[in-house]
Amino acid sequence: THAGKIPAYLRRRQAALAEEKRRAALTPEPVVPDGYRLVPEDERLSTLRVLEQRMAEVEAAIRGLPMRIETVGQRRRERDVHARLADLERMLSMFNNKHVFVPADAEPIAQPVPHADKTTAGVAEALPRLQLVRNPAKRAAPVVGGRNRLRLVQ
């Protein structure tokens, strides 16, 4: 007499699964830590553009290194360039997150970047330099997930 009907326990299970999927699809608003602010989308994107330009500069510096690293100075330069590359990759991964928090009194990290072409020589030197800071007691700077901080280097 119950042929073709879905049992009640299966209907309840299907309803529970549908509710779990609905809740998972809703992205909760991030809780902003005290003393921090959420970086607006346009500021985050302009910072990403600056970081990508810096990444291109570092990659060009890596390509400019000699094939055989022989002197102490060359080794130091190679180490510095690779450390900078690692820092930029870390910062890019942080700013690729949808939600980035910075101290409430922090100014925007990057101003809008002018369009780079052959007539804008020297634009890269005018861009702000970002540096990863491991010690949170140092100068207040942006933070993602409460771990690493960035600061603007003059």
# chains A, B, ... in the order shown; residues from 1 in each chain; ligands from 1
>>> residues_around(residues="Met55 (chain A)", least_positions_apart="5", cutoff="10 Å", atoms="only C-alpha atoms", output="list in words")
Arg49, Val50, Ala60, Ala61, Arg84, Leu85, Ala86, Asp87, Leu88, Glu89 and Leu92 of chain A
>>> write_last_selection(atoms="N, CA, C and O atoms", output="PDB file, in the first residue's frame")
ATOM      1  N   ARG A  49      47.126  45.430  -7.533  1.00  0.00           N
ATOM      2  CA  ARG A  49      47.812  45.911  -8.744  1.00  0.00           C
ATOM      3  C   ARG A  49      49.246  46.320  -8.424  1.00  0.00           C
ATOM      4  O   ARG A  49      50.178  46.005  -9.166  1.00  0.00           O
ATOM      5  N   VAL A  50      49.442  47.019  -7.300  1.00  0.00           N
ATOM      6  CA  VAL A  50      50.795  47.425  -6.896  1.00  0.00           C
ATOM      7  C   VAL A  50      51.647  46.186  -6.641  1.00  0.00           C
ATOM      8  O   VAL A  50      52.796  46.107  -7.085  1.00  0.00           O
ATOM      9  N   ALA A  60      61.816  40.339 -13.052  1.00  0.00           N
ATOM     10  CA  ALA A  60      62.805  40.886 -13.988  1.00  0.00           C
ATOM     11  C   ALA A  60      64.192  40.892 -13.337  1.00  0.00           C
ATOM     12  O   ALA A  60      65.194  40.597 -14.002  1.00  0.00           O
ATOM     13  N   ALA A  61      64.257  41.202 -12.044  1.00  0.00           N
ATOM     14  CA  ALA A  61      65.541  41.185 -11.342  1.00  0.00           C
ATOM     15  C   ALA A  61      66.102  39.765 -11.277  1.00  0.00           C
ATOM     16  O   ALA A  61      67.314  39.567 -11.407  1.00  0.00           O
ATOM     17  N   ARG A  84      62.476  38.587  -1.333  1.00  0.00           N
ATOM     18  CA  ARG A  84      61.452  39.573  -1.736  1.00  0.00           C
ATOM     19  C   ARG A  84      60.343  38.897  -2.528  1.00  0.00           C
ATOM     20  O   ARG A  84      59.167  39.207  -2.332  1.00  0.00           O
ATOM     21  N   LEU A  85      60.712  37.977  -3.405  1.00  0.00           N
ATOM     22  CA  LEU A  85      59.716  37.238  -4.176  1.00  0.00           C
ATOM     23  C   LEU A  85      58.791  36.449  -3.244  1.00  0.00           C
ATOM     24  O   LEU A  85      57.561  36.471  -3.410  1.00  0.00           O
ATOM     25  N   ALA A  86      59.359  35.779  -2.248  1.00  0.00           N
ATOM     26  CA  ALA A  86      58.548  35.009  -1.301  1.00  0.00           C
ATOM     27  C   ALA A  86      57.611  35.931  -0.520  1.00  0.00           C
ATOM     28  O   ALA A  86      56.429  35.593  -0.314  1.00  0.00           O
ATOM     29  N   ASP A  87      58.106  37.101  -0.102  1.00  0.00           N
ATOM     30  CA  ASP A  87      57.267  38.058   0.618  1.00  0.00           C
ATOM     31  C   ASP A  87      56.117  38.553  -0.259  1.00  0.00           C
ATOM     32  O   ASP A  87      54.976  38.654   0.188  1.00  0.00           O
ATOM     33  N   LEU A  88      56.425  38.863  -1.510  1.00  0.00           N
ATOM     34  CA  LEU A  88      55.380  39.333  -2.426  1.00  0.00           C
ATOM     35  C   LEU A  88      54.331  38.251  -2.664  1.00  0.00           C
ATOM     36  O   LEU A  88      53.131  38.542  -2.717  1.00  0.00           O
ATOM     37  N   GLU A  89      54.768  37.005  -2.816  1.00  0.00           N
ATOM     38  CA  GLU A  89      53.809  35.916  -3.008  1.00  0.00           C
ATOM     39  C   GLU A  89      52.900  35.786  -1.795  1.00  0.00           C
ATOM     40  O   GLU A  89      51.695  35.586  -1.924  1.00  0.00           O
ATOM     41  N   LEU A  92      50.502  38.754  -1.839  1.00  0.00           N
ATOM     42  CA  LEU A  92      49.494  38.555  -2.878  1.00  0.00           C
ATOM     43  C   LEU A  92      48.435  37.563  -2.416  1.00  0.00           C
ATOM     44  O   LEU A  92      47.243  37.773  -2.645  1.00  0.00           O
TER      45      LEU A  92
END
>>> atom_distance(atom1="CA of Lys21 (chain A)", atom2="CA of Lys98 (chain A)")
21.2 Å
>>> select_by_dssp(residues="region 3-101 of chain A", states="strand (DSSP E or B)", output="list in words")
Tyr36, Arg37, Leu38 and Phe101 of chain A
>>> write_last_selection(atoms="all heavy atoms", output="mmCIF file, in the first residue's frame")
data_model
loop_
_atom_site.group_PDB
_atom_site.id
_atom_site.type_symbol
_atom_site.label_atom_id
_atom_site.label_comp_id
_atom_site.auth_asym_id
_atom_site.auth_seq_id
_atom_site.Cartn_x
_atom_site.Cartn_y
_atom_site.Cartn_z
ATOM 1 N N TYR A 36 40.452 47.269 14.217
ATOM 2 C CA TYR A 36 40.733 47.020 12.800
ATOM 3 C C TYR A 36 39.539 47.430 11.962
ATOM 4 O O TYR A 36 38.446 47.639 12.466
ATOM 5 C CB TYR A 36 41.044 45.541 12.552
ATOM 6 C CG TYR A 36 42.382 45.129 13.088
ATOM 7 C CD1 TYR A 36 42.526 44.697 14.404
ATOM 8 C CD2 TYR A 36 43.517 45.196 12.294
ATOM 9 C CE1 TYR A 36 43.759 44.340 14.908
ATOM 10 C CE2 TYR A 36 44.753 44.837 12.797
ATOM 11 C CZ TYR A 36 44.870 44.416 14.100
ATOM 12 O OH TYR A 36 46.093 44.063 14.585
ATOM 13 N N ARG A 37 39.783 47.552 10.670
ATOM 14 C CA ARG A 37 38.704 47.826 9.717
ATOM 15 C C ARG A 37 38.852 46.886 8.535
ATOM 16 O O ARG A 37 39.950 46.403 8.244
ATOM 17 C CB ARG A 37 38.747 49.285 9.251
ATOM 18 C CG ARG A 37 39.956 49.634 8.411
ATOM 19 C CD ARG A 37 39.902 51.072 7.909
ATOM 20 N NE ARG A 37 41.138 51.453 7.255
ATOM 21 C CZ ARG A 37 41.443 51.187 5.981
ATOM 22 N NH1 ARG A 37 40.579 50.553 5.225
ATOM 23 N NH2 ARG A 37 42.602 51.575 5.472
ATOM 24 N N LEU A 38 37.763 46.642 7.863
ATOM 25 C CA LEU A 38 37.765 45.820 6.660
ATOM 26 C C LEU A 38 38.240 46.679 5.495
ATOM 27 O O LEU A 38 37.764 47.801 5.305
ATOM 28 C CB LEU A 38 36.358 45.288 6.394
ATOM 29 C CG LEU A 38 36.167 44.371 5.203
ATOM 30 C CD1 LEU A 38 36.968 43.090 5.400
ATOM 31 C CD2 LEU A 38 34.703 44.043 5.035
ATOM 32 N N PHE A 101 41.791 42.694 6.814
ATOM 33 C CA PHE A 101 41.626 43.657 7.891
ATOM 34 C C PHE A 101 42.923 44.444 8.087
ATOM 35 O O PHE A 101 43.999 43.871 8.018
ATOM 36 C CB PHE A 101 41.262 42.943 9.198
ATOM 37 C CG PHE A 101 39.994 42.163 9.098
ATOM 38 C CD1 PHE A 101 40.025 40.790 8.970
ATOM 39 C CD2 PHE A 101 38.778 42.797 9.119
ATOM 40 C CE1 PHE A 101 38.868 40.067 8.870
ATOM 41 C CE2 PHE A 101 37.606 42.079 9.019
ATOM 42 C CZ PHE A 101 37.642 40.708 8.891
#
>>> atom_distance(atom1="CA of Val81 (chain A)", atom2="CA of Asn96 (chain A)")
22.1 Å
>>> residues_around(residues="Ser93 (chain A)", least_positions_apart="2", cutoff="12 Å", atoms="only C-alpha atoms", output="PDB file with C-alpha atoms, in the first residue's frame")
ATOM      1  CA  ARG A  44      42.232  45.873  -1.957  1.00  0.00           C
ATOM      2  CA  THR A  47      46.966  47.091  -3.560  1.00  0.00           C
ATOM      3  CA  LEU A  48      46.839  43.914  -5.643  1.00  0.00           C
ATOM      4  CA  LEU A  51      51.835  43.991  -5.639  1.00  0.00           C
ATOM      5  CA  GLU A  52      51.588  42.546  -9.153  1.00  0.00           C
ATOM      6  CA  ALA A  86      58.548  35.009  -1.301  1.00  0.00           C
ATOM      7  CA  ASP A  87      57.267  38.058   0.618  1.00  0.00           C
ATOM      8  CA  LEU A  88      55.380  39.333  -2.426  1.00  0.00           C
ATOM      9  CA  GLU A  89      53.809  35.916  -3.008  1.00  0.00           C
ATOM     10  CA  ARG A  90      52.681  35.851   0.638  1.00  0.00           C
ATOM     11  CA  MET A  91      51.226  39.358   0.402  1.00  0.00           C
ATOM     12  CA  PHE A  95      45.215  40.397  -0.560  1.00  0.00           C
ATOM     13  CA  ASN A  96      43.618  37.814  -2.855  1.00  0.00           C
ATOM     14  CA  ASN A  97      41.353  36.962   0.086  1.00  0.00           C
ATOM     15  CA  LYS A  98      37.960  38.599  -0.082  1.00  0.00           C
ATOM     16  CA  HIS A  99      38.241  39.972   3.472  1.00  0.00           C
ATOM     17  CA  VAL A 100      41.408  41.773   4.598  1.00  0.00           C
ATOM     18  CA  VAL A 144      44.952  39.146   7.483  1.00  0.00           C
ATOM     19  CA  GLY A 145      43.614  36.533   9.810  1.00  0.00           C
ATOM     20  CA  ASN A 148      51.175  38.534   9.331  1.00  0.00           C
TER      21      ASN A 148
END
>>> atom_distance(atom1="CA of Ala56 (chain A)", atom2="CA of Ala106 (chain A)")
26.3 Å
>>> decode(residues="region 74-90 of chain A", atoms="N, CA, C and O atoms", output="PDB file, in the first residue's frame")
ATOM      1  N   GLN A  74      76.896  38.558  -5.336  1.00  0.00           N
ATOM      2  CA  GLN A  74      75.889  37.922  -6.176  1.00  0.00           C
ATOM      3  C   GLN A  74      74.996  36.996  -5.350  1.00  0.00           C
ATOM      4  O   GLN A  74      73.787  36.948  -5.555  1.00  0.00           O
ATOM      5  N   ARG A  75      75.609  36.275  -4.417  1.00  0.00           N
ATOM      6  CA  ARG A  75      74.824  35.387  -3.553  1.00  0.00           C
ATOM      7  C   ARG A  75      73.840  36.189  -2.685  1.00  0.00           C
ATOM      8  O   ARG A  75      72.690  35.804  -2.503  1.00  0.00           O
ATOM      9  N   ARG A  76      74.348  37.298  -2.145  1.00  0.00           N
ATOM     10  CA  ARG A  76      73.493  38.146  -1.318  1.00  0.00           C
ATOM     11  C   ARG A  76      72.346  38.712  -2.146  1.00  0.00           C
ATOM     12  O   ARG A  76      71.191  38.706  -1.716  1.00  0.00           O
ATOM     13  N   ARG A  77      72.662  39.183  -3.341  1.00  0.00           N
ATOM     14  CA  ARG A  77      71.624  39.734  -4.226  1.00  0.00           C
ATOM     15  C   ARG A  77      70.590  38.665  -4.568  1.00  0.00           C
ATOM     16  O   ARG A  77      69.387  38.929  -4.525  1.00  0.00           O
ATOM     17  N   GLU A  78      71.056  37.460  -4.881  1.00  0.00           N
ATOM     18  CA  GLU A  78      70.130  36.368  -5.208  1.00  0.00           C
ATOM     19  C   GLU A  78      69.237  36.049  -4.006  1.00  0.00           C
ATOM     20  O   GLU A  78      68.029  35.887  -4.140  1.00  0.00           O
ATOM     21  N   ARG A  79      69.834  35.972  -2.825  1.00  0.00           N
ATOM     22  CA  ARG A  79      69.082  35.670  -1.603  1.00  0.00           C
ATOM     23  C   ARG A  79      68.045  36.765  -1.338  1.00  0.00           C
ATOM     24  O   ARG A  79      66.878  36.482  -1.024  1.00  0.00           O
ATOM     25  N   ASP A  80      68.456  38.037  -1.492  1.00  0.00           N
ATOM     26  CA  ASP A  80      67.540  39.151  -1.266  1.00  0.00           C
ATOM     27  C   ASP A  80      66.375  39.140  -2.253  1.00  0.00           C
ATOM     28  O   ASP A  80      65.225  39.355  -1.865  1.00  0.00           O
ATOM     29  N   VAL A  81      66.677  38.886  -3.514  1.00  0.00           N
ATOM     30  CA  VAL A  81      65.639  38.891  -4.538  1.00  0.00           C
ATOM     31  C   VAL A  81      64.660  37.735  -4.305  1.00  0.00           C
ATOM     32  O   VAL A  81      63.445  37.915  -4.405  1.00  0.00           O
ATOM     33  N   HIS A  82      65.167  36.574  -3.945  1.00  0.00           N
ATOM     34  CA  HIS A  82      64.272  35.437  -3.700  1.00  0.00           C
ATOM     35  C   HIS A  82      63.457  35.642  -2.422  1.00  0.00           C
ATOM     36  O   HIS A  82      62.286  35.230  -2.357  1.00  0.00           O
ATOM     37  N   ALA A  83      64.035  36.297  -1.414  1.00  0.00           N
ATOM     38  CA  ALA A  83      63.282  36.607  -0.196  1.00  0.00           C
ATOM     39  C   ALA A  83      62.161  37.600  -0.513  1.00  0.00           C
ATOM     40  O   ALA A  83      61.028  37.455  -0.027  1.00  0.00           O
ATOM     41  N   ARG A  84      62.476  38.587  -1.333  1.00  0.00           N
ATOM     42  CA  ARG A  84      61.452  39.573  -1.736  1.00  0.00           C
ATOM     43  C   ARG A  84      60.343  38.897  -2.528  1.00  0.00           C
ATOM     44  O   ARG A  84      59.167  39.207  -2.332  1.00  0.00           O
ATOM     45  N   LEU A  85      60.712  37.977  -3.405  1.00  0.00           N
ATOM     46  CA  LEU A  85      59.716  37.238  -4.176  1.00  0.00           C
ATOM     47  C   LEU A  85      58.791  36.449  -3.244  1.00  0.00           C
ATOM     48  O   LEU A  85      57.561  36.471  -3.410  1.00  0.00           O
ATOM     49  N   ALA A  86      59.359  35.779  -2.248  1.00  0.00           N
ATOM     50  CA  ALA A  86      58.548  35.009  -1.301  1.00  0.00           C
ATOM     51  C   ALA A  86      57.611  35.931  -0.520  1.00  0.00           C
ATOM     52  O   ALA A  86      56.429  35.593  -0.314  1.00  0.00           O
ATOM     53  N   ASP A  87      58.106  37.101  -0.102  1.00  0.00           N
ATOM     54  CA  ASP A  87      57.267  38.058   0.618  1.00  0.00           C
ATOM     55  C   ASP A  87      56.117  38.553  -0.259  1.00  0.00           C
ATOM     56  O   ASP A  87      54.976  38.654   0.188  1.00  0.00           O
ATOM     57  N   LEU A  88      56.425  38.863  -1.510  1.00  0.00           N
ATOM     58  CA  LEU A  88      55.380  39.333  -2.426  1.00  0.00           C
ATOM     59  C   LEU A  88      54.331  38.251  -2.664  1.00  0.00           C
ATOM     60  O   LEU A  88      53.131  38.542  -2.717  1.00  0.00           O
ATOM     61  N   GLU A  89      54.768  37.005  -2.816  1.00  0.00           N
ATOM     62  CA  GLU A  89      53.809  35.916  -3.008  1.00  0.00           C
ATOM     63  C   GLU A  89      52.900  35.786  -1.795  1.00  0.00           C
ATOM     64  O   GLU A  89      51.695  35.586  -1.924  1.00  0.00           O
ATOM     65  N   ARG A  90      53.474  35.926  -0.589  1.00  0.00           N
ATOM     66  CA  ARG A  90      52.681  35.851   0.638  1.00  0.00           C
ATOM     67  C   ARG A  90      51.679  37.002   0.704  1.00  0.00           C
ATOM     68  O   ARG A  90      50.508  36.807   1.044  1.00  0.00           O
TER      69      ARG A  90
END
